[in-house]
Amino acid sequence: MLKNRCKQGKRGKWKNGKREINKIIGCCIEVHKELGPGFLESIYHKALEIKFIKESIPFESEKEIQIYYHKKLVDTHNLDFLIENEIILELKTVEEIHKKYYAQVRSYLKATEKEIGLLVNFTDFKLDVRRIEKVKNKG
(Lines give C-alpha, C1' and ligand atoms only; values in the text may rest on other atoms or scores of the structure.)
Protein backbone atom coordinates (compact mmCIF):
# COMPACT_ATOMS: atom_id res chain seq x y z
CA MET A 1 0.00 0.00 0.00
CA LEU A 2 1.37 3.37 -1.01
CA LYS A 3 0.59 6.38 1.14
CA ASN A 4 1.15 9.96 0.16
CA ARG A 5 0.56 12.24 3.10
CA CYS A 6 0.83 15.74 1.73
CA LYS A 7 0.12 18.78 3.84
CA GLN A 8 -3.53 19.77 3.79
CA GLY A 9 -2.79 23.45 3.29
CA LYS A 10 -5.01 26.27 4.50
CA ARG A 11 -8.32 24.96 3.28
CA GLY A 12 -8.80 23.02 6.52
CA LYS A 13 -11.09 20.07 7.03
CA TRP A 14 -13.21 18.32 4.47
CA LYS A 15 -16.30 20.28 3.44
CA ASN A 16 -18.37 19.38 0.38
CA GLY A 17 -15.39 18.11 -1.59
CA LYS A 18 -16.31 19.80 -4.88
CA ARG A 19 -12.85 21.27 -5.43
CA GLU A 20 -11.16 18.02 -4.41
CA ILE A 21 -13.39 15.96 -6.70
CA ASN A 22 -12.71 18.30 -9.63
CA LYS A 23 -8.97 18.01 -8.98
CA ILE A 24 -9.16 14.19 -8.86
CA ILE A 25 -11.18 14.07 -12.08
CA GLY A 26 -8.69 16.45 -13.69
CA CYS A 27 -5.85 14.07 -12.78
CA CYS A 28 -7.77 11.14 -14.26
CA ILE A 29 -8.40 13.11 -17.46
CA GLU A 30 -4.72 14.01 -17.78
CA VAL A 31 -3.62 10.39 -17.27
CA HIS A 32 -6.19 9.18 -19.81
CA LYS A 33 -5.23 11.90 -22.30
CA GLU A 34 -1.54 10.97 -22.01
CA LEU A 35 -1.88 7.17 -22.05
CA GLY A 36 -5.09 6.75 -24.04
CA PRO A 37 -7.44 3.76 -23.74
CA GLY A 38 -6.45 0.11 -23.93
CA PHE A 39 -4.11 -0.56 -21.02
CA LEU A 40 -4.66 -2.73 -17.97
CA GLU A 41 -6.14 -1.11 -14.88
CA SER A 42 -2.80 -1.45 -13.07
CA ILE A 43 -1.13 0.89 -15.60
CA TYR A 44 -3.65 3.66 -14.96
CA HIS A 45 -3.41 3.00 -11.23
CA LYS A 46 0.37 3.51 -11.18
CA ALA A 47 0.10 6.58 -13.41
CA LEU A 48 -2.46 8.11 -11.04
CA GLU A 49 -0.17 7.50 -8.07
CA ILE A 50 2.52 9.49 -9.89
CA LYS A 51 0.05 12.24 -10.81
CA PHE A 52 -1.41 12.52 -7.29
CA ILE A 53 2.07 12.87 -5.82
CA LYS A 54 2.95 15.53 -8.40
CA GLU A 55 -0.26 17.43 -7.57
CA SER A 56 0.24 17.03 -3.78
CA ILE A 57 -3.03 15.15 -3.37
CA PRO A 58 -3.01 13.02 -0.20
CA PHE A 59 -3.99 9.43 -1.00
CA GLU A 60 -3.68 5.83 0.03
CA SER A 61 -3.32 3.26 -2.73
CA GLU A 62 -4.67 -0.27 -2.23
CA LYS A 63 -6.10 0.87 1.11
CA GLU A 64 -7.12 -2.17 3.14
CA ILE A 65 -10.56 -1.95 4.73
CA GLN A 66 -12.26 -4.34 7.12
CA ILE A 67 -15.67 -5.81 6.35
CA TYR A 68 -17.96 -6.61 9.30
CA TYR A 69 -21.16 -8.60 9.67
CA HIS A 70 -23.04 -8.35 12.96
CA LYS A 71 -20.02 -6.55 14.42
CA LYS A 72 -17.76 -9.49 13.58
CA LEU A 73 -14.86 -9.20 11.15
CA VAL A 74 -15.66 -11.18 8.00
CA ASP A 75 -12.70 -10.28 5.83
CA THR A 76 -10.67 -7.43 4.39
CA HIS A 77 -10.71 -5.77 0.99
CA ASN A 78 -8.46 -3.29 -0.81
CA LEU A 79 -9.81 -0.05 -2.26
CA ASP A 80 -8.07 1.22 -5.38
CA PHE A 81 -7.62 4.64 -3.77
CA LEU A 82 -8.76 6.50 -0.70
CA ILE A 83 -8.10 10.17 -1.37
CA GLU A 84 -7.82 12.78 1.37
CA ASN A 85 -9.22 10.10 3.68
CA GLU A 86 -12.68 10.92 2.28
CA ILE A 87 -13.14 10.03 -1.39
CA ILE A 88 -13.09 6.47 -2.70
CA LEU A 89 -11.74 6.19 -6.23
CA GLU A 90 -12.50 2.93 -8.04
CA LEU A 91 -10.79 2.34 -11.37
CA LYS A 92 -12.12 0.16 -14.16
CA THR A 93 -11.05 -0.91 -17.64
CA VAL A 94 -14.29 -2.50 -18.81
CA GLU A 95 -16.40 -2.21 -21.97
CA GLU A 96 -19.29 -0.63 -20.10
CA ILE A 97 -20.22 0.36 -16.56
CA HIS A 98 -22.76 -2.13 -15.20
CA LYS A 99 -24.95 -1.83 -12.12
CA LYS A 100 -22.65 -4.22 -10.26
CA TYR A 101 -19.86 -1.60 -10.31
CA TYR A 102 -22.16 0.99 -8.76
CA ALA A 103 -23.12 -1.57 -6.11
CA GLN A 104 -19.44 -2.28 -5.50
CA VAL A 105 -18.66 1.39 -4.81
CA ARG A 106 -21.77 1.81 -2.65
CA SER A 107 -20.66 -1.20 -0.60
CA TYR A 108 -17.25 0.42 -0.13
CA LEU A 109 -18.92 3.65 0.98
CA LYS A 110 -21.03 1.76 3.51
CA ALA A 111 -18.08 -0.27 4.84
CA THR A 112 -15.88 2.82 5.25
CA GLU A 113 -18.64 5.25 6.31
CA LYS A 114 -17.54 7.62 3.55
CA GLU A 115 -19.99 9.76 1.59
CA ILE A 116 -18.55 10.05 -1.94
CA GLY A 117 -17.03 7.66 -4.44
CA LEU A 118 -15.84 8.08 -8.00
CA LEU A 119 -16.07 5.25 -10.51
CA VAL A 120 -13.71 5.87 -13.43
CA ASN A 121 -13.53 3.76 -16.59
CA PHE A 122 -10.45 4.20 -18.80
CA THR A 123 -11.45 1.81 -21.63
CA ASP A 124 -13.15 4.17 -24.08
CA PHE A 125 -11.67 7.05 -26.05
CA LYS A 126 -13.53 9.41 -23.75
CA LEU A 127 -12.93 8.95 -20.02
CA ASP A 128 -16.09 7.84 -18.20
CA VAL A 129 -16.41 9.29 -14.68
CA ARG A 130 -19.38 8.58 -12.39
CA ARG A 131 -19.93 10.19 -8.99
CA ILE A 132 -21.60 7.87 -6.50
CA GLU A 133 -22.95 8.97 -3.15
CA LYS A 134 -23.68 6.89 -0.09
CA VAL A 135 -27.32 5.82 0.04
CA LYS A 136 -28.98 7.43 3.05
CA ASN A 137 -31.07 5.12 5.23
CA LYS A 138 -34.70 6.18 5.39
CA GLY A 139 -36.42 6.48 8.72
# chains A, B, ... in the order shown; residues from 1 in each chain; ligands from 1
call {"tool": "select_by_dssp", "arguments": {"residues": "range 5-138 of chain A", "states": "strand (DSSP E)", "output": "PyMOL selection string"}}
result
chain A and resi 59-69+72-83+87-92+116-121+128-133
call {"tool": "write_last_selection", "arguments": {"atoms": "N, CA and C atoms", "output": "tab-separated table (two decimals), in the first residue's frame"}}
result
chain	number	residue	atom	x	y	z
A	59	PHE	N	-3.26	10.63	-0.62
A	59	PHE	CA	-3.99	9.43	-1.00
A	59	PHE	C	-3.37	8.20	-0.35
A	60	GLU	N	-4.18	7.15	-0.31
A	60	GLU	CA	-3.68	5.83	0.03
A	60	GLU	C	-4.08	4.91	-1.12
A	61	SER	N	-3.11	4.19	-1.62
A	61	SER	CA	-3.32	3.26	-2.73
A	61	SER	C	-3.46	1.85	-2.17
A	62	GLU	N	-4.40	1.09	-2.71
A	62	GLU	CA	-4.67	-0.27	-2.23
A	62	GLU	C	-4.95	-0.27	-0.73
A	63	LYS	N	-5.74	0.70	-0.30
A	63	LYS	CA	-6.10	0.87	1.11
A	63	LYS	C	-6.92	-0.32	1.58
A	64	GLU	N	-6.41	-1.01	2.59
A	64	GLU	CA	-7.12	-2.17	3.14
A	64	GLU	C	-8.23	-1.70	4.08
A	65	ILE	N	-9.43	-2.24	3.85
A	65	ILE	CA	-10.56	-1.95	4.73
A	65	ILE	C	-11.07	-3.25	5.31
A	66	GLN	N	-11.70	-3.16	6.47
A	66	GLN	CA	-12.26	-4.34	7.12
A	66	GLN	C	-13.76	-4.38	6.88
A	67	ILE	N	-14.25	-5.58	6.61
A	67	ILE	CA	-15.67	-5.81	6.35
A	67	ILE	C	-16.26	-6.57	7.54
A	68	TYR	N	-17.33	-6.02	8.11
A	68	TYR	CA	-17.96	-6.61	9.30
A	68	TYR	C	-19.38	-7.07	8.98
A	69	TYR	N	-19.79	-8.12	9.68
A	69	TYR	CA	-21.16	-8.60	9.67
A	69	TYR	C	-21.55	-8.87	11.11
A	72	LYS	N	-18.86	-8.52	13.63
A	72	LYS	CA	-17.76	-9.49	13.58
A	72	LYS	C	-17.02	-9.32	12.26
A	73	LEU	N	-15.69	-9.33	12.34
A	73	LEU	CA	-14.86	-9.20	11.15
A	73	LEU	C	-15.06	-10.40	10.24
A	74	VAL	N	-15.45	-10.12	9.00
A	74	VAL	CA	-15.66	-11.18	8.00
A	74	VAL	C	-14.40	-11.35	7.17
A	75	ASP	N	-13.86	-10.22	6.69
A	75	ASP	CA	-12.70	-10.28	5.83
A	75	ASP	C	-12.19	-8.85	5.61
A	76	THR	N	-11.18	-8.74	4.77
A	76	THR	CA	-10.67	-7.43	4.39
A	76	THR	C	-10.75	-7.29	2.87
A	77	HIS	N	-10.68	-6.05	2.42
A	77	HIS	CA	-10.71	-5.77	0.99
A	77	HIS	C	-9.85	-4.55	0.74
A	78	ASN	N	-9.28	-4.44	-0.45
A	78	ASN	CA	-8.46	-3.29	-0.81
A	78	ASN	C	-9.20	-2.36	-1.77
A	79	LEU	N	-9.28	-1.09	-1.37
A	79	LEU	CA	-9.81	-0.05	-2.26
A	79	LEU	C	-8.72	0.31	-3.25
A	80	ASP	N	-9.08	0.73	-4.45
A	80	ASP	CA	-8.07	1.22	-5.38
A	80	ASP	C	-7.37	2.43	-4.77
A	81	PHE	N	-8.16	3.44	-4.41
A	81	PHE	CA	-7.62	4.64	-3.77
A	81	PHE	C	-8.59	5.16	-2.72
A	82	LEU	N	-8.03	5.66	-1.64
A	82	LEU	CA	-8.76	6.50	-0.70
A	82	LEU	C	-8.03	7.84	-0.73
A	83	ILE	N	-8.73	8.87	-1.15
A	83	ILE	CA	-8.10	10.17	-1.37
A	83	ILE	C	-8.56	11.15	-0.30
A	87	ILE	N	-12.57	10.39	-0.09
A	87	ILE	CA	-13.14	10.03	-1.39
A	87	ILE	C	-12.59	8.68	-1.84
A	88	ILE	N	-13.49	7.77	-2.17
A	88	ILE	CA	-13.09	6.47	-2.70
A	88	ILE	C	-13.03	6.59	-4.22
A	89	LEU	N	-11.92	6.18	-4.78
A	89	LEU	CA	-11.74	6.19	-6.23
A	89	LEU	C	-11.57	4.76	-6.70
A	90	GLU	N	-12.52	4.29	-7.50
A	90	GLU	CA	-12.50	2.93	-8.04
A	90	GLU	C	-12.23	3.01	-9.53
A	91	LEU	N	-11.18	2.33	-9.96
A	91	LEU	CA	-10.79	2.34	-11.37
A	91	LEU	C	-11.31	1.09	-12.08
A	92	LYS	N	-11.67	1.27	-13.33
A	92	LYS	CA	-12.12	0.16	-14.16
A	92	LYS	C	-11.54	0.30	-15.56
A	116	ILE	N	-18.69	9.86	-0.49
A	116	ILE	CA	-18.55	10.05	-1.94
A	116	ILE	C	-17.54	9.08	-2.54
A	117	GLY	N	-17.93	8.51	-3.68
A	117	GLY	CA	-17.03	7.66	-4.44
A	117	GLY	C	-17.03	8.09	-5.90
A	118	LEU	N	-15.94	7.84	-6.55
A	118	LEU	CA	-15.84	8.08	-8.00
A	118	LEU	C	-15.53	6.75	-8.66
A	119	LEU	N	-16.27	6.45	-9.70
A	119	LEU	CA	-16.07	5.25	-10.51
A	119	LEU	C	-15.57	5.74	-11.86
A	120	VAL	N	-14.35	5.34	-12.23
A	120	VAL	CA	-13.71	5.87	-13.43
A	120	VAL	C	-13.33	4.71	-14.35
A	121	ASN	N	-13.81	4.79	-15.58
A	121	ASN	CA	-13.53	3.76	-16.59
A	121	ASN	C	-12.62	4.34	-17.67
A	128	ASP	N	-14.75	7.94	-18.78
A	128	ASP	CA	-16.09	7.84	-18.20
A	128	ASP	C	-15.97	7.95	-16.68
A	129	VAL	N	-16.50	9.04	-16.11
A	129	VAL	CA	-16.41	9.29	-14.68
A	129	VAL	C	-17.82	9.35	-14.11
A	130	ARG	N	-18.07	8.58	-13.06
A	130	ARG	CA	-19.38	8.58	-12.39
A	130	ARG	C	-19.18	8.90	-10.91
A	131	ARG	N	-19.94	9.86	-10.40
A	131	ARG	CA	-19.93	10.19	-8.99
A	131	ARG	C	-21.02	9.37	-8.31
A	132	ILE	N	-20.66	8.72	-7.23
A	132	ILE	CA	-21.60	7.87	-6.50
A	132	ILE	C	-21.62	8.33	-5.04
A	133	GLU	N	-22.82	8.53	-4.53
A	133	GLU	CA	-22.95	8.97	-3.15
A	133	GLU	C	-23.55	7.86	-2.31
call {"tool": "select_by_dssp", "arguments": {"residues": "chain A", "states": "helix (DSSP H, G or I)", "output": "PyMOL selection string"}}
result
chain A and resi 9-11+18-35+41-54+99-112
call {"tool": "atom_distance", "arguments": {"atom1": "CA of Ile25 in chain A", "atom2": "CA of Val94 in chain A"}}
result
18.2 Å
call {"tool": "residues_around", "arguments": {"residues": "Val135 in chain A", "least_positions_apart": "2", "cutoff": "10 Å", "atoms": "only C-alpha atoms", "output": "list of chain:residue names"}}
result
A:Arg106, A:Ser107, A:Leu109, A:Lys110, A:Glu115, A:Ile116, A:Ile132, A:Glu133, A:Asn137, A:Lys138
call {"tool": "write_last_selection", "arguments": {"atoms": "N, CA and C atoms", "output": "PDB file, in the first residue's frame"}}
result
ATOM      1  N   ARG A 106     -20.866   1.528  -3.770  1.00  0.00           N
ATOM      2  CA  ARG A 106     -21.774   1.808  -2.649  1.00  0.00           C
ATOM      3  C   ARG A 106     -21.445   0.917  -1.447  1.00  0.00           C
ATOM      4  N   SER A 107     -21.072  -0.313  -1.695  1.00  0.00           N
ATOM      5  CA  SER A 107     -20.662  -1.202  -0.597  1.00  0.00           C
ATOM      6  C   SER A 107     -19.404  -0.679   0.081  1.00  0.00           C
ATOM      7  N   LEU A 109     -18.512   2.464   0.220  1.00  0.00           N
ATOM      8  CA  LEU A 109     -18.919   3.646   0.983  1.00  0.00           C
ATOM      9  C   LEU A 109     -19.543   3.239   2.318  1.00  0.00           C
ATOM     10  N   LYS A 110     -20.379   2.240   2.277  1.00  0.00           N
ATOM     11  CA  LYS A 110     -21.030   1.760   3.505  1.00  0.00           C
ATOM     12  C   LYS A 110     -19.996   1.193   4.476  1.00  0.00           C
ATOM     13  N   GLU A 115     -18.801   9.231   2.253  1.00  0.00           N
ATOM     14  CA  GLU A 115     -19.988   9.756   1.586  1.00  0.00           C
ATOM     15  C   GLU A 115     -19.907   9.727   0.063  1.00  0.00           C
ATOM     16  N   ILE A 116     -18.689   9.859  -0.491  1.00  0.00           N
ATOM     17  CA  ILE A 116     -18.548  10.051  -1.937  1.00  0.00           C
ATOM     18  C   ILE A 116     -17.540   9.080  -2.535  1.00  0.00           C
ATOM     19  N   ILE A 132     -20.663   8.724  -7.225  1.00  0.00           N
ATOM     20  CA  ILE A 132     -21.604   7.866  -6.503  1.00  0.00           C
ATOM     21  C   ILE A 132     -21.619   8.326  -5.040  1.00  0.00           C
ATOM     22  N   GLU A 133     -22.816   8.526  -4.534  1.00  0.00           N
ATOM     23  CA  GLU A 133     -22.947   8.966  -3.151  1.00  0.00           C
ATOM     24  C   GLU A 133     -23.547   7.855  -2.312  1.00  0.00           C
ATOM     25  N   ASN A 137     -30.012   5.974   4.694  1.00  0.00           N
ATOM     26  CA  ASN A 137     -31.072   5.120   5.226  1.00  0.00           C
ATOM     27  C   ASN A 137     -32.300   5.956   5.526  1.00  0.00           C
ATOM     28  N   LYS A 138     -33.445   5.474   5.119  1.00  0.00           N
ATOM     29  CA  LYS A 138     -34.704   6.183   5.391  1.00  0.00           C
ATOM     30  C   LYS A 138     -35.190   5.809   6.787  1.00  0.00           C
TER      31      LYS A 138
END
call {"tool": "atom_distance", "arguments": {"atom1": "CA of Lys126 in chain A", "atom2": "CA of Ile43 in chain A"}}
result
17.1 Å
call {"tool": "closest_residue", "arguments": {"among": "A:Lys134, A:Ile24, A:Thr93, A:Thr112", "to": "Ile53 in chain A", "atoms": "only C-alpha atoms"}}
result
A:Ile24
call {"tool": "closest_residue", "arguments": {"among": "A:Lys33, A:Cys27, A:Tyr108, A:Lys18", "to": "Leu48 in chain A", "atoms": "only C-alpha atoms"}}
result
A:Cys27
call {"tool": "atom_distance", "arguments": {"atom1": "CA of His45 in chain A", "atom2": "CA of Lys99 in chain A"}}
result
22.1 Å
call {"tool": "closest_residue", "arguments": {"among": "A:Lys114, A:Ser42, A:Asn85, A:Lys51", "to": "Ile29 in chain A", "atoms": "only C-alpha atoms"}}
result
A:Lys51
